[in-house]
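Chemist: Please find one structure pasted underneath; my questions will follow.
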Amino acid sequence: MMATHIVSSPCLVPSYNNLGLRRIWRMVGAMLQAHRTRRLLGEMDARLLADIGTSRAEATTEANRPFWDIR
């Protein structure tokens, strides 16, 4: 009879370190998305702003928020 050995691969076993890195990457992605959408909001003309129901002042305030402020 042949002995079978089960070897666990480090990439298949979840660890707290990997979960922390995933959370960091998700946060970085959210920050990049906030930066892109705020930049686009700042570039919208009056017609587009009216279509989404916001004023130039509200759009400017939102567009000027820092990328890390993702509340």
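Within each chain, counting starts at residue 1; across the structure tokens, chains are named A, B, ... in the order shown, with ligands numbered 1 upward in that order.
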Against range 59-71 of chain A, which residues of range 28-53 of chain A fall within 10 Å? For each one I want the closest pair of atoms and the distance in Å (one decimal), counting only C-alpha atoms, rows by chain and increasing residue number, as a tab-separated table.
Modeler:
```
residue	atom	partner	partner_atom	distance
A:Val28	CA	A:Trp68	CA	8.7
A:Ala30	CA	A:Ile70	CA	7.4
A:Met31	CA	A:Phe67	CA	5.5
A:Leu32	CA	A:Phe67	CA	7.1
A:Gln33	CA	A:Phe67	CA	8.6
A:Ala34	CA	A:Phe67	CA	6.0
A:His35	CA	A:Phe67	CA	5.1
A:Arg36	CA	A:Phe67	CA	8.9
A:Thr37	CA	A:Ala63	CA	8.2
A:Arg38	CA	A:Ala63	CA	4.4
A:Arg39	CA	A:Ala63	CA	5.9
A:Leu40	CA	A:Ala63	CA	8.1
A:Leu41	CA	A:Ala59	CA	6.2
A:Gly42	CA	A:Ala63	CA	5.3
A:Glu43	CA	A:Ala63	CA	9.0
A:Met44	CA	A:Ala59	CA	8.5
A:Leu49	CA	A:Ala59	CA	7.8
```
Chemist: Would you mind listing what lies within 8 Å of Ala46 in chain A as a count of residues only, with only C-alpha atoms counted and same-chain residues fewer than 4 positions away left out?
Modeler: 3
